[in-house]
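Step one of this worksheet: look at the structure below.
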Amino acid sequence: MNFTPVDYSAFGIWVFISIVSSYILIRKLNFFNGSRNAQLALTCGLILGHVVYLVWKYIFLILIGAN
């Protein structure tokens, strides 16, 4: 795979950012009435969005023959 340590560390940092941002948006700013389920859904959505990006990057690298 053509993933670098930067890709892996960016994903780890993104998980942390997703948790913090969903906590701030849902709990502190009271979006969606402060629902715990909304916070969990937002966190999972942000993390899964980044996973989709990593899968796309892997497929794109295969398509251009960078492997």
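Note on naming: chains are A, B, ... as they come in the structure tokens, residues start from 1 per chain, ligands start from 1 in the order shown.
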
When you look at segment 8-16 of chain A with a cut-off of 12 Å (counting only C-alpha atoms), what residues show up, excluding the ones that are within fewer than 3 positions of it in the same chain? I need them as a CSV table (one decimal) with C-alpha atoms, in the first residue's frame.
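As written to disk, out_18.csv reads:
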chain,number,residue,atom,x,y,z
A,1,MET,CA,0.0,0.0,0.0
A,2,ASN,CA,1.1,3.5,-0.7
A,3,PHE,CA,0.0,4.9,2.6
A,4,THR,CA,2.6,6.9,4.5
A,5,PRO,CA,2.8,7.5,8.3
A,19,ILE,CA,-15.1,13.2,18.8
A,20,VAL,CA,-14.3,16.7,20.0
A,21,SER,CA,-16.2,18.6,17.3
A,22,SER,CA,-19.3,16.4,17.7
A,23,TYR,CA,-19.2,16.9,21.5
A,42,LEU,CA,-22.1,12.7,13.9
A,43,THR,CA,-18.9,11.2,15.3
A,44,CYS,CA,-19.4,7.9,13.3
A,45,GLY,CA,-20.3,9.9,10.2
A,46,LEU,CA,-17.2,12.0,10.4
A,47,ILE,CA,-15.0,9.0,10.9
A,48,LEU,CA,-16.6,6.9,8.2
A,49,GLY,CA,-16.3,9.9,5.8
A,50,HIS,CA,-12.5,9.8,6.4
A,51,VAL,CA,-12.4,6.0,5.9
A,52,VAL,CA,-14.2,6.4,2.6
A,53,TYR,CA,-11.6,9.0,1.6
A,54,LEU,CA,-8.8,6.5,2.4

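The spacing separating atom CA of Ile26 of chain A from atom CA of Leu40 of chain A amounts to 9.6 Å.
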
- [ ] Using backbone DSSP assignments, extract all helix (DSSP H, G or I) residues from chain A; output them as a ChimeraX atom specification.
- [x] /A:5-28,31-34,36-63

- [ ] Give me, please, the distance in Å between atom CA of Ile24 of chain A and atom CA of Ala38 of chain A, quoted to one decimal.
- [x]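 Rounded to one decimal, the two atoms are 12.0 Å apart.
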
Open item on the list: Considering only C-alpha atoms, can you say which of A:Phe31, A:Gln39, A:Asp7, A:Leu25 comes closest to Lys57 of chain A?
Closed with: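 The closest residue to Lys57 of chain A is A:Asp7.
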